[in-house]
Amino acid sequence: MEKKWFTLEEANALLPRIREEIDQLQSIKREFEKRYLRLKQLKEHAGKHRPEEADPFFTLESELEFMQIEARTLVQSIHMKGAQLKDLDMGLVDFPSLRNGEEVLLCWRLGEESITHWHGLSEGYIGRKLID
């Protein structure tokens, strides 16, 4: 895939869809964690008692696998737009951009109305600077 550099306007225009995808990913992650814990408990219990079914875990394992596929698809969708998902829990997304001829990252975090920060490639979230 060819590298894309975003203008501030282009990156901000993508935010409604990116917000939606991040919300979906966070929801999938929460549900995955609940179901995974449930599966773990069922397996621990089954280890102490003989399960009545041939494979009592099949349905839950299938649901977890489907959730992983769904999450991967959403992450790929974000990346195919040219954006970079950096931290799902924070809802942190970077957009490659050029600033005075130098490659930088426009930095956005879920909850922010629009992109107001940028940082160098090696600085990360801690190195965020206000866009002037």
# chains A, B, ... in the order shown; residues from 1 in each chain; ligands from 1
$ residues_around --residues "Leu92 (chain A)" --least-positions-apart "2" --cutoff "8 Å" --atoms "only C-alpha atoms" --output "short mmCIF file (atom, residue, chain, number, x, y, z; two decimals) with all heavy atoms, in the first residue's frame"
data_model
loop_
_atom_site.label_atom_id
_atom_site.label_comp_id
_atom_site.auth_asym_id
_atom_site.auth_seq_id
_atom_site.Cartn_x
_atom_site.Cartn_y
_atom_site.Cartn_z
N LEU A 85 -3.50 3.07 14.09
CA LEU A 85 -4.04 2.87 15.42
C LEU A 85 -2.87 2.60 16.36
O LEU A 85 -2.15 1.63 16.18
CB LEU A 85 -5.03 1.69 15.43
CG LEU A 85 -5.61 1.31 16.78
CD1 LEU A 85 -6.41 2.46 17.39
CD2 LEU A 85 -6.48 0.08 16.64
N LYS A 86 -2.67 3.46 17.34
CA LYS A 86 -1.52 3.34 18.23
C LYS A 86 -1.87 2.71 19.57
O LYS A 86 -1.08 2.00 20.15
CB LYS A 86 -0.88 4.71 18.47
CG LYS A 86 -0.28 5.34 17.23
CD LYS A 86 0.85 4.51 16.69
CE LYS A 86 1.47 5.15 15.49
NZ LYS A 86 2.84 4.83 15.27
N ASP A 87 -3.06 3.02 20.11
CA ASP A 87 -3.46 2.50 21.42
C ASP A 87 -4.98 2.41 21.45
O ASP A 87 -5.65 3.45 21.45
CB ASP A 87 -2.93 3.40 22.54
CG ASP A 87 -3.18 2.84 23.93
OD1 ASP A 87 -4.35 2.56 24.26
OD2 ASP A 87 -2.21 2.68 24.68
N LEU A 88 -5.49 1.20 21.49
CA LEU A 88 -6.94 1.02 21.45
C LEU A 88 -7.60 1.53 22.73
O LEU A 88 -8.64 2.18 22.68
CB LEU A 88 -7.29 -0.45 21.23
CG LEU A 88 -8.78 -0.78 21.22
CD1 LEU A 88 -9.53 0.04 20.17
CD2 LEU A 88 -8.99 -2.27 21.01
N ASP A 89 -7.02 1.25 23.89
CA ASP A 89 -7.63 1.67 25.14
C ASP A 89 -7.76 3.19 25.22
O ASP A 89 -8.77 3.71 25.69
CB ASP A 89 -6.85 1.14 26.34
CG ASP A 89 -6.93 -0.38 26.44
OD1 ASP A 89 -7.97 -0.95 26.06
OD2 ASP A 89 -5.96 -1.00 26.90
N MET A 90 -6.74 3.90 24.78
CA MET A 90 -6.79 5.37 24.77
C MET A 90 -7.56 5.90 23.57
O MET A 90 -7.96 7.06 23.55
CB MET A 90 -5.36 5.95 24.72
CG MET A 90 -4.57 5.78 25.99
SD MET A 90 -2.85 6.37 25.83
CE MET A 90 -3.07 8.08 25.39
N ASP A 94 -2.80 8.03 14.88
CA ASP A 94 -1.90 8.97 14.22
C ASP A 94 -2.16 8.98 12.72
O ASP A 94 -2.54 7.95 12.13
CB ASP A 94 -0.43 8.60 14.46
CG ASP A 94 0.04 8.92 15.87
OD1 ASP A 94 -0.61 9.72 16.55
OD2 ASP A 94 1.07 8.35 16.28
N CYS A 107 -1.76 13.78 15.60
CA CYS A 107 -2.10 12.90 16.71
C CYS A 107 -3.50 13.22 17.24
O CYS A 107 -3.77 14.35 17.63
CB CYS A 107 -1.05 13.07 17.80
SG CYS A 107 -1.26 11.96 19.20
N TRP A 108 -4.36 12.20 17.29
CA TRP A 108 -5.72 12.38 17.77
C TRP A 108 -6.04 11.31 18.79
O TRP A 108 -5.60 10.17 18.68
CB TRP A 108 -6.70 12.29 16.61
CG TRP A 108 -8.13 12.33 17.03
CD1 TRP A 108 -8.85 13.44 17.38
CD2 TRP A 108 -9.01 11.23 17.17
NE1 TRP A 108 -10.13 13.08 17.72
CE2 TRP A 108 -10.26 11.72 17.59
CE3 TRP A 108 -8.88 9.85 16.96
CZ2 TRP A 108 -11.35 10.90 17.83
CZ3 TRP A 108 -9.97 9.03 17.20
CH2 TRP A 108 -11.18 9.56 17.63
N ARG A 109 -6.82 11.70 19.79
CA ARG A 109 -7.24 10.77 20.84
C ARG A 109 -8.75 10.81 20.96
O ARG A 109 -9.36 11.89 20.92
CB ARG A 109 -6.60 11.16 22.16
CG ARG A 109 -6.93 10.23 23.29
CD ARG A 109 -6.22 10.62 24.54
NE ARG A 109 -6.60 9.70 25.61
CZ ARG A 109 -6.13 9.75 26.82
NH1 ARG A 109 -5.25 10.68 27.15
NH2 ARG A 109 -6.54 8.89 27.73
N LEU A 110 -9.36 9.65 21.10
CA LEU A 110 -10.80 9.55 21.27
C LEU A 110 -11.25 10.50 22.38
O LEU A 110 -10.64 10.56 23.44
CB LEU A 110 -11.20 8.11 21.62
CG LEU A 110 -12.67 7.77 21.62
CD1 LEU A 110 -13.27 7.96 20.23
CD2 LEU A 110 -12.89 6.33 22.07
#
$ residues_around --residues "region 101-104 of chain A" --least-positions-apart "4" --cutoff "8 Å" --atoms "only C-alpha atoms" --output "VMD selection string"
chain A and resid 96 to 97 118 to 121
$ write_last_selection --atoms "N, CA, C and O atoms" --output "PDB file, in the first residue's frame"
ATOM      1  N   PRO A  96      -0.050  10.153   9.288  1.00  0.00           N
ATOM      2  CA  PRO A  96       1.194  10.678   8.725  1.00  0.00           C
ATOM      3  C   PRO A  96       0.932  11.983   7.971  1.00  0.00           C
ATOM      4  O   PRO A  96      -0.080  12.131   7.288  1.00  0.00           O
ATOM      5  N   SER A  97       1.840  12.916   8.135  1.00  0.00           N
ATOM      6  CA  SER A  97       1.691  14.229   7.511  1.00  0.00           C
ATOM      7  C   SER A  97       3.072  14.806   7.247  1.00  0.00           C
ATOM      8  O   SER A  97       4.076  14.311   7.761  1.00  0.00           O
ATOM      9  N   TRP A 118       0.361  17.332  17.094  1.00  0.00           N
ATOM     10  CA  TRP A 118       1.231  16.564  16.217  1.00  0.00           C
ATOM     11  C   TRP A 118       2.463  16.177  17.027  1.00  0.00           C
ATOM     12  O   TRP A 118       2.706  16.706  18.120  1.00  0.00           O
ATOM     13  N   HIS A 119       3.240  15.225  16.508  1.00  0.00           N
ATOM     14  CA  HIS A 119       4.530  14.881  17.120  1.00  0.00           C
ATOM     15  C   HIS A 119       5.432  14.276  16.060  1.00  0.00           C
ATOM     16  O   HIS A 119       4.968  13.819  15.011  1.00  0.00           O
ATOM     17  N   GLY A 120       6.716  14.272  16.344  1.00  0.00           N
ATOM     18  CA  GLY A 120       7.693  13.664  15.441  1.00  0.00           C
ATOM     19  C   GLY A 120       7.535  12.149  15.441  1.00  0.00           C
ATOM     20  O   GLY A 120       6.888  11.577  16.309  1.00  0.00           O
ATOM     21  N   LEU A 121       8.153  11.500  14.481  1.00  0.00           N
ATOM     22  CA  LEU A 121       8.009  10.051  14.325  1.00  0.00           C
ATOM     23  C   LEU A 121       8.505   9.271  15.536  1.00  0.00           C
ATOM     24  O   LEU A 121       7.962   8.234  15.877  1.00  0.00           O
TER      25      LEU A 121
END
$ residues_around --residues "Arg30 (chain A)" --least-positions-apart "3" --cutoff "12 Å" --atoms "only C-alpha atoms" --output "list of chain:residue names"
A:Asp23, A:Gln24, A:Leu25, A:Gln26, A:Ser27, A:Glu33, A:Lys34, A:Arg35, A:Tyr36, A:Leu37, A:Leu64, A:Met67, A:Ala71, A:Leu88, A:Asp89
$ write_last_selection --atoms "all heavy atoms" --output "CSV table (one decimal), in the first residue's frame"
chain,number,residue,atom,x,y,z
A,23,ASP,N,-14.9,3.0,18.6
A,23,ASP,CA,-15.9,2.6,19.5
A,23,ASP,C,-16.3,1.1,19.4
A,23,ASP,O,-16.4,0.4,20.4
A,23,ASP,CB,-17.2,3.4,19.3
A,23,ASP,CG,-17.1,4.9,19.8
A,23,ASP,OD1,-16.2,5.1,20.7
A,23,ASP,OD2,-17.9,5.7,19.4
A,24,GLN,N,-16.4,0.7,18.1
A,24,GLN,CA,-16.7,-0.7,17.9
A,24,GLN,C,-15.6,-1.6,18.4
A,24,GLN,O,-15.9,-2.7,19.0
A,24,GLN,CB,-16.9,-1.0,16.4
A,24,GLN,CG,-18.2,-0.4,15.8
A,24,GLN,CD,-18.3,-0.5,14.3
A,24,GLN,OE1,-17.3,-0.5,13.6
A,24,GLN,NE2,-19.5,-0.7,13.8
A,25,LEU,N,-14.3,-1.3,18.2
A,25,LEU,CA,-13.2,-2.1,18.6
A,25,LEU,C,-13.2,-2.2,20.1
A,25,LEU,O,-13.0,-3.2,20.7
A,25,LEU,CB,-11.9,-1.5,18.1
A,25,LEU,CG,-11.5,-1.9,16.7
A,25,LEU,CD1,-10.4,-1.0,16.2
A,25,LEU,CD2,-11.1,-3.3,16.6
A,26,GLN,N,-13.4,-1.0,20.8
A,26,GLN,CA,-13.4,-1.1,22.3
A,26,GLN,C,-14.5,-1.9,22.8
A,26,GLN,O,-14.4,-2.6,23.8
A,26,GLN,CB,-13.5,0.4,22.8
A,26,GLN,CG,-12.2,1.1,22.6
A,26,GLN,CD,-12.3,2.6,23.1
A,26,GLN,OE1,-13.4,3.1,23.3
A,26,GLN,NE2,-11.1,3.2,23.4
A,27,SER,N,-15.7,-1.9,22.2
A,27,SER,CA,-16.8,-2.7,22.6
A,27,SER,C,-16.5,-4.2,22.4
A,27,SER,O,-16.8,-5.0,23.3
A,27,SER,CB,-18.1,-2.3,21.7
A,27,SER,OG,-19.1,-3.1,22.1
A,33,GLU,N,-13.2,-9.9,26.4
A,33,GLU,CA,-12.6,-10.2,27.7
A,33,GLU,C,-13.6,-10.9,28.6
A,33,GLU,O,-13.2,-11.8,29.3
A,33,GLU,CB,-12.1,-8.9,28.3
A,33,GLU,CG,-10.8,-8.3,27.6
A,33,GLU,CD,-10.4,-6.9,28.0
A,33,GLU,OE1,-11.3,-6.2,28.7
A,33,GLU,OE2,-9.3,-6.5,27.7
A,34,LYS,N,-14.8,-10.5,28.6
A,34,LYS,CA,-15.9,-11.1,29.4
A,34,LYS,C,-16.1,-12.6,29.0
A,34,LYS,O,-16.1,-13.5,29.8
A,34,LYS,CB,-17.2,-10.4,29.3
A,34,LYS,CG,-17.3,-9.2,30.1
A,34,LYS,CD,-18.8,-8.7,30.2
A,34,LYS,CE,-19.0,-7.7,29.1
A,34,LYS,NZ,-20.4,-7.1,29.1
A,35,ARG,N,-16.2,-12.8,27.7
A,35,ARG,CA,-16.4,-14.2,27.2
A,35,ARG,C,-15.2,-15.1,27.4
A,35,ARG,O,-15.3,-16.3,27.7
A,35,ARG,CB,-16.8,-14.2,25.7
A,35,ARG,CG,-18.2,-13.6,25.5
A,35,ARG,CD,-18.6,-13.7,24.1
A,35,ARG,NE,-19.8,-12.8,23.9
A,35,ARG,CZ,-20.6,-12.9,22.9
A,35,ARG,NH1,-20.3,-13.8,21.9
A,35,ARG,NH2,-21.6,-12.1,22.8
A,36,TYR,N,-14.0,-14.5,27.2
A,36,TYR,CA,-12.8,-15.3,27.5
A,36,TYR,C,-12.7,-15.7,28.9
A,36,TYR,O,-12.3,-16.9,29.2
A,36,TYR,CB,-11.5,-14.4,27.1
A,36,TYR,CG,-10.2,-15.2,27.3
A,36,TYR,CD1,-9.8,-16.1,26.4
A,36,TYR,CD2,-9.5,-15.0,28.4
A,36,TYR,CE1,-8.6,-16.9,26.5
A,36,TYR,CE2,-8.3,-15.7,28.6
A,36,TYR,CZ,-7.9,-16.6,27.7
A,36,TYR,OH,-6.7,-17.4,27.9
A,37,LEU,N,-13.0,-14.8,29.8
A,37,LEU,CA,-13.0,-15.1,31.3
A,37,LEU,C,-14.0,-16.2,31.6
A,37,LEU,O,-13.7,-17.2,32.3
A,37,LEU,CB,-13.3,-13.9,32.1
A,37,LEU,CG,-13.3,-14.1,33.6
A,37,LEU,CD1,-11.9,-14.6,34.1
A,37,LEU,CD2,-13.7,-12.8,34.3
A,64,LEU,N,-15.5,-16.3,20.2
A,64,LEU,CA,-14.3,-15.6,20.4
A,64,LEU,C,-13.5,-15.4,19.1
A,64,LEU,O,-12.9,-14.3,18.8
A,64,LEU,CB,-13.4,-16.2,21.5
A,64,LEU,CG,-14.0,-16.1,22.9
A,64,LEU,CD1,-13.2,-17.1,23.8
A,64,LEU,CD2,-13.9,-14.7,23.4
A,67,MET,N,-15.1,-12.8,17.0
A,67,MET,CA,-14.8,-11.5,17.5
A,67,MET,C,-13.4,-11.0,17.1
A,67,MET,O,-13.2,-9.9,16.8
A,67,MET,CB,-15.0,-11.4,19.0
A,67,MET,CG,-16.4,-11.6,19.4
A,67,MET,SD,-16.6,-11.9,21.2
A,67,MET,CE,-16.6,-10.2,21.7
A,71,ALA,N,-12.6,-7.8,14.9
A,71,ALA,CA,-11.6,-6.7,15.3
A,71,ALA,C,-10.5,-6.5,14.3
A,71,ALA,O,-10.2,-5.4,14.0
A,71,ALA,CB,-11.1,-7.1,16.7
A,88,LEU,N,-5.5,1.2,21.5
A,88,LEU,CA,-6.9,1.0,21.5
A,88,LEU,C,-7.6,1.5,22.7
A,88,LEU,O,-8.6,2.2,22.7
A,88,LEU,CB,-7.3,-0.5,21.2
A,88,LEU,CG,-8.8,-0.8,21.2
A,88,LEU,CD1,-9.5,0.0,20.2
A,88,LEU,CD2,-9.0,-2.3,21.0
A,89,ASP,N,-7.0,1.2,23.9
A,89,ASP,CA,-7.6,1.7,25.1
A,89,ASP,C,-7.8,3.2,25.2
A,89,ASP,O,-8.8,3.7,25.7
A,89,ASP,CB,-6.8,1.1,26.3
A,89,ASP,CG,-6.9,-0.4,26.4
A,89,ASP,OD1,-8.0,-1.0,26.1
A,89,ASP,OD2,-6.0,-1.0,26.9
$ atom_distance --atom1 "CA of Leu42 (chain A)" --atom2 "CA of Ile28 (chain A)"
20.7 Å
$ closest_residue --among "A:Phe95, A:Gly111, A:Glu123, A:Thr116" --to "Ala11 (chain A)" --atoms "only C-alpha atoms"
A:Phe95
$ closest_residue --among "A:Asp132, A:Glu21, A:Glu10, A:Glu31" --to "His79 (chain A)" --atoms "only C-alpha atoms"
A:Glu21
$ select_by_dssp --residues "region 38-131 of chain A" --states "alpha helix (DSSP H)" --output "PyMOL selection string"
chain A and resi 38-48+58-80
$ atom_distance --atom1 "CA of Glu113 (chain A)" --atom2 "CA of Lys4 (chain A)"
22.7 Å
$ closest_residue --among "A:Trp5, A:Gln84, A:Leu105, A:Gly124" --to "Ile18 (chain A)" --atoms "only C-alpha atoms"
A:Gln84
$ select_by_dssp --residues "region 1-125 of chain A" --states "strand (DSSP E or B)" --output "list of chain:residue names"
A:Gln84, A:Leu85, A:Lys86, A:Asp87, A:Leu92, A:Val93, A:Asp94, A:Phe95, A:Pro96, A:Ser97, A:Leu98, A:Arg99, A:Glu102, A:Glu103, A:Val104, A:Leu105, A:Leu106, A:Cys107, A:Trp108, A:Arg109, A:His117, A:Trp118, A:His119, A:Gly120
$ write_last_selection --atoms "N, CA and C atoms" --output "mmCIF file, in the first residue's frame"
data_model
loop_
_atom_site.group_PDB
_atom_site.id
_atom_site.type_symbol
_atom_site.label_atom_id
_atom_site.label_comp_id
_atom_site.auth_asym_id
_atom_site.auth_seq_id
_atom_site.Cartn_x
_atom_site.Cartn_y
_atom_site.Cartn_z
ATOM 1 N N GLN A 84 -3.015 5.273 11.571
ATOM 2 C CA GLN A 84 -2.289 4.280 12.360
ATOM 3 C C GLN A 84 -2.907 4.213 13.749
ATOM 4 N N LEU A 85 -3.500 3.072 14.086
ATOM 5 C CA LEU A 85 -4.043 2.866 15.423
ATOM 6 C C LEU A 85 -2.874 2.599 16.360
ATOM 7 N N LYS A 86 -2.673 3.464 17.338
ATOM 8 C CA LYS A 86 -1.520 3.337 18.231
ATOM 9 C C LYS A 86 -1.874 2.712 19.569
ATOM 10 N N ASP A 87 -3.060 3.020 20.115
ATOM 11 C CA ASP A 87 -3.457 2.499 21.420
ATOM 12 C C ASP A 87 -4.978 2.410 21.455
ATOM 13 N N LEU A 92 -6.145 6.097 20.554
ATOM 14 C CA LEU A 92 -5.089 6.947 19.998
ATOM 15 C C LEU A 92 -4.794 6.559 18.547
ATOM 16 N N VAL A 93 -4.903 7.555 17.661
ATOM 17 C CA VAL A 93 -4.690 7.323 16.234
ATOM 18 C C VAL A 93 -3.783 8.421 15.687
ATOM 19 N N ASP A 94 -2.799 8.029 14.875
ATOM 20 C CA ASP A 94 -1.900 8.973 14.218
ATOM 21 C C ASP A 94 -2.161 8.975 12.715
ATOM 22 N N PHE A 95 -1.925 10.141 12.111
ATOM 23 C CA PHE A 95 -2.077 10.327 10.677
ATOM 24 C C PHE A 95 -0.768 10.891 10.140
ATOM 25 N N PRO A 96 -0.050 10.153 9.288
ATOM 26 C CA PRO A 96 1.194 10.678 8.725
ATOM 27 C C PRO A 96 0.932 11.983 7.971
ATOM 28 N N SER A 97 1.840 12.916 8.135
ATOM 29 C CA SER A 97 1.691 14.229 7.511
ATOM 30 C C SER A 97 3.072 14.806 7.247
ATOM 31 N N LEU A 98 3.107 15.858 6.455
ATOM 32 C CA LEU A 98 4.359 16.584 6.215
ATOM 33 C C LEU A 98 4.243 17.961 6.849
ATOM 34 N N ARG A 99 5.277 18.346 7.573
ATOM 35 C CA ARG A 99 5.328 19.650 8.228
ATOM 36 C C ARG A 99 6.676 20.270 7.901
ATOM 37 N N GLU A 102 9.135 17.826 6.555
ATOM 38 C CA GLU A 102 9.532 16.716 7.424
ATOM 39 C C GLU A 102 8.306 15.866 7.753
ATOM 40 N N GLU A 103 8.483 14.543 7.740
ATOM 41 C CA GLU A 103 7.372 13.667 8.079
ATOM 42 C C GLU A 103 7.102 13.718 9.582
ATOM 43 N N VAL A 104 5.843 13.953 9.931
ATOM 44 C CA VAL A 104 5.395 13.991 11.322
ATOM 45 C C VAL A 104 4.089 13.205 11.411
ATOM 46 N N LEU A 105 3.551 13.118 12.592
ATOM 47 C CA LEU A 105 2.280 12.435 12.785
ATOM 48 C C LEU A 105 1.281 13.385 13.434
ATOM 49 N N LEU A 106 0.148 13.562 12.776
ATOM 50 C CA LEU A 106 -0.960 14.289 13.381
ATOM 51 C C LEU A 106 -1.566 13.325 14.393
ATOM 52 N N CYS A 107 -1.755 13.783 15.600
ATOM 53 C CA CYS A 107 -2.098 12.901 16.707
ATOM 54 C C CYS A 107 -3.501 13.221 17.243
ATOM 55 N N TRP A 108 -4.356 12.203 17.291
ATOM 56 C CA TRP A 108 -5.718 12.382 17.770
ATOM 57 C C TRP A 108 -6.041 11.309 18.789
ATOM 58 N N ARG A 109 -6.815 11.699 19.793
ATOM 59 C CA ARG A 109 -7.236 10.766 20.837
ATOM 60 C C ARG A 109 -8.750 10.815 20.963
ATOM 61 N N HIS A 117 -3.076 18.276 17.747
ATOM 62 C CA HIS A 117 -1.681 18.018 18.125
ATOM 63 C C HIS A 117 -0.950 17.248 17.033
ATOM 64 N N TRP A 118 0.361 17.332 17.094
ATOM 65 C CA TRP A 118 1.231 16.564 16.217
ATOM 66 C C TRP A 118 2.463 16.177 17.027
ATOM 67 N N HIS A 119 3.240 15.225 16.508
ATOM 68 C CA HIS A 119 4.530 14.881 17.120
ATOM 69 C C HIS A 119 5.432 14.276 16.060
ATOM 70 N N GLY A 120 6.716 14.272 16.344
ATOM 71 C CA GLY A 120 7.693 13.664 15.441
ATOM 72 C C GLY A 120 7.535 12.149 15.441
#
$ closest_residue --among "A:Leu39, A:Ile22, A:Ala46, A:Leu60" --to "Arg72 (chain A)" --atoms "only C-alpha atoms"
A:Ile22
$ closest_residue --among "A:Gly82, A:Gly91, A:Pro16, A:Pro56" --to "Ser114 (chain A)" --atoms "only C-alpha atoms"
A:Pro16
$ decode --residues "region 110-120 of chain A" --atoms "all heavy atoms" --output "PDB file, in the first residue's frame"
ATOM      1  N   LEU A 110      -9.364   9.652  21.099  1.00  0.00           N
ATOM      2  CA  LEU A 110     -10.804   9.554  21.272  1.00  0.00           C
ATOM      3  C   LEU A 110     -11.248  10.503  22.381  1.00  0.00           C
ATOM      4  O   LEU A 110     -10.637  10.557  23.440  1.00  0.00           O
ATOM      5  CB  LEU A 110     -11.195   8.113  21.625  1.00  0.00           C
ATOM      6  CG  LEU A 110     -12.673   7.765  21.622  1.00  0.00           C
ATOM      7  CD1 LEU A 110     -13.270   7.962  20.228  1.00  0.00           C
ATOM      8  CD2 LEU A 110     -12.887   6.334  22.072  1.00  0.00           C
ATOM      9  N   GLY A 111     -12.288  11.259  22.096  1.00  0.00           N
ATOM     10  CA  GLY A 111     -12.765  12.252  23.056  1.00  0.00           C
ATOM     11  C   GLY A 111     -12.407  13.666  22.637  1.00  0.00           C
ATOM     12  O   GLY A 111     -13.037  14.626  23.073  1.00  0.00           O
ATOM     13  N   GLU A 112     -11.385  13.785  21.789  1.00  0.00           N
ATOM     14  CA  GLU A 112     -11.016  15.102  21.266  1.00  0.00           C
ATOM     15  C   GLU A 112     -11.922  15.419  20.082  1.00  0.00           C
ATOM     16  O   GLU A 112     -12.198  14.549  19.250  1.00  0.00           O
ATOM     17  CB  GLU A 112      -9.543  15.127  20.847  1.00  0.00           C
ATOM     18  CG  GLU A 112      -8.593  14.941  22.014  1.00  0.00           C
ATOM     19  CD  GLU A 112      -7.119  14.845  21.626  1.00  0.00           C
ATOM     20  OE1 GLU A 112      -6.819  14.624  20.435  1.00  0.00           O
ATOM     21  OE2 GLU A 112      -6.283  14.982  22.531  1.00  0.00           O
ATOM     22  N   GLU A 113     -12.377  16.653  20.006  1.00  0.00           N
ATOM     23  CA  GLU A 113     -13.296  17.090  18.959  1.00  0.00           C
ATOM     24  C   GLU A 113     -12.645  16.998  17.571  1.00  0.00           C
ATOM     25  O   GLU A 113     -13.267  16.580  16.610  1.00  0.00           O
ATOM     26  CB  GLU A 113     -13.746  18.532  19.232  1.00  0.00           C
ATOM     27  CG  GLU A 113     -14.840  19.012  18.340  1.00  0.00           C
ATOM     28  CD  GLU A 113     -16.151  18.261  18.532  1.00  0.00           C
ATOM     29  OE1 GLU A 113     -16.422  17.770  19.639  1.00  0.00           O
ATOM     30  OE2 GLU A 113     -16.897  18.152  17.540  1.00  0.00           O
ATOM     31  N   SER A 114     -11.389  17.415  17.493  1.00  0.00           N
ATOM     32  CA  SER A 114     -10.660  17.387  16.225  1.00  0.00           C
ATOM     33  C   SER A 114      -9.172  17.201  16.534  1.00  0.00           C
ATOM     34  O   SER A 114      -8.777  17.143  17.690  1.00  0.00           O
ATOM     35  CB  SER A 114     -10.888  18.695  15.449  1.00  0.00           C
ATOM     36  OG  SER A 114     -10.390  19.784  16.205  1.00  0.00           O
ATOM     37  N   ILE A 115      -8.394  17.123  15.478  1.00  0.00           N
ATOM     38  CA  ILE A 115      -6.939  16.955  15.648  1.00  0.00           C
ATOM     39  C   ILE A 115      -6.336  18.317  15.975  1.00  0.00           C
ATOM     40  O   ILE A 115      -6.471  19.263  15.193  1.00  0.00           O
ATOM     41  CB  ILE A 115      -6.302  16.367  14.378  1.00  0.00           C
ATOM     42  CG1 ILE A 115      -6.904  14.991  14.102  1.00  0.00           C
ATOM     43  CG2 ILE A 115      -4.779  16.285  14.523  1.00  0.00           C
ATOM     44  CD1 ILE A 115      -6.566  14.428  12.745  1.00  0.00           C
ATOM     45  N   THR A 116      -5.692  18.403  17.114  1.00  0.00           N
ATOM     46  CA  THR A 116      -5.090  19.670  17.555  1.00  0.00           C
ATOM     47  C   THR A 116      -3.610  19.510  17.886  1.00  0.00           C
ATOM     48  O   THR A 116      -2.976  20.481  18.276  1.00  0.00           O
ATOM     49  CB  THR A 116      -5.826  20.214  18.800  1.00  0.00           C
ATOM     50  OG1 THR A 116      -5.808  19.210  19.820  1.00  0.00           O
ATOM     51  CG2 THR A 116      -7.268  20.589  18.477  1.00  0.00           C
ATOM     52  N   HIS A 117      -3.076  18.276  17.747  1.00  0.00           N
ATOM     53  CA  HIS A 117      -1.681  18.018  18.125  1.00  0.00           C
ATOM     54  C   HIS A 117      -0.950  17.248  17.033  1.00  0.00           C
ATOM     55  O   HIS A 117      -1.556  16.590  16.199  1.00  0.00           O
ATOM     56  CB  HIS A 117      -1.619  17.210  19.424  1.00  0.00           C
ATOM     57  CG  HIS A 117      -2.070  17.962  20.624  1.00  0.00           C
ATOM     58  ND1 HIS A 117      -3.395  18.128  20.945  1.00  0.00           N
ATOM     59  CD2 HIS A 117      -1.367  18.604  21.582  1.00  0.00           C
ATOM     60  CE1 HIS A 117      -3.497  18.834  22.052  1.00  0.00           C
ATOM     61  NE2 HIS A 117      -2.277  19.134  22.463  1.00  0.00           N
ATOM     62  N   TRP A 118       0.361  17.332  17.094  1.00  0.00           N
ATOM     63  CA  TRP A 118       1.231  16.564  16.217  1.00  0.00           C
ATOM     64  C   TRP A 118       2.463  16.177  17.027  1.00  0.00           C
ATOM     65  O   TRP A 118       2.706  16.706  18.120  1.00  0.00           O
ATOM     66  CB  TRP A 118       1.634  17.375  14.976  1.00  0.00           C
ATOM     67  CG  TRP A 118       2.541  18.538  15.291  1.00  0.00           C
ATOM     68  CD1 TRP A 118       2.168  19.772  15.741  1.00  0.00           C
ATOM     69  CD2 TRP A 118       3.966  18.564  15.216  1.00  0.00           C
ATOM     70  NE1 TRP A 118       3.270  20.566  15.950  1.00  0.00           N
ATOM     71  CE2 TRP A 118       4.388  19.850  15.633  1.00  0.00           C
ATOM     72  CE3 TRP A 118       4.929  17.636  14.844  1.00  0.00           C
ATOM     73  CZ2 TRP A 118       5.732  20.220  15.692  1.00  0.00           C
ATOM     74  CZ3 TRP A 118       6.268  18.006  14.892  1.00  0.00           C
ATOM     75  CH2 TRP A 118       6.658  19.293  15.311  1.00  0.00           C
ATOM     76  N   HIS A 119       3.240  15.225  16.508  1.00  0.00           N
ATOM     77  CA  HIS A 119       4.530  14.881  17.120  1.00  0.00           C
ATOM     78  C   HIS A 119       5.432  14.276  16.060  1.00  0.00           C
ATOM     79  O   HIS A 119       4.968  13.819  15.011  1.00  0.00           O
ATOM     80  CB  HIS A 119       4.371  13.934  18.326  1.00  0.00           C
ATOM     81  CG  HIS A 119       3.671  12.648  18.036  1.00  0.00           C
ATOM     82  ND1 HIS A 119       4.288  11.580  17.433  1.00  0.00           N
ATOM     83  CD2 HIS A 119       2.397  12.253  18.270  1.00  0.00           C
ATOM     84  CE1 HIS A 119       3.435  10.591  17.315  1.00  0.00           C
ATOM     85  NE2 HIS A 119       2.268  10.974  17.812  1.00  0.00           N
ATOM     86  N   GLY A 120       6.716  14.272  16.344  1.00  0.00           N
ATOM     87  CA  GLY A 120       7.693  13.664  15.441  1.00  0.00           C
ATOM     88  C   GLY A 120       7.535  12.149  15.441  1.00  0.00           C
ATOM     89  O   GLY A 120       6.888  11.577  16.309  1.00  0.00           O
TER      90      GLY A 120
END
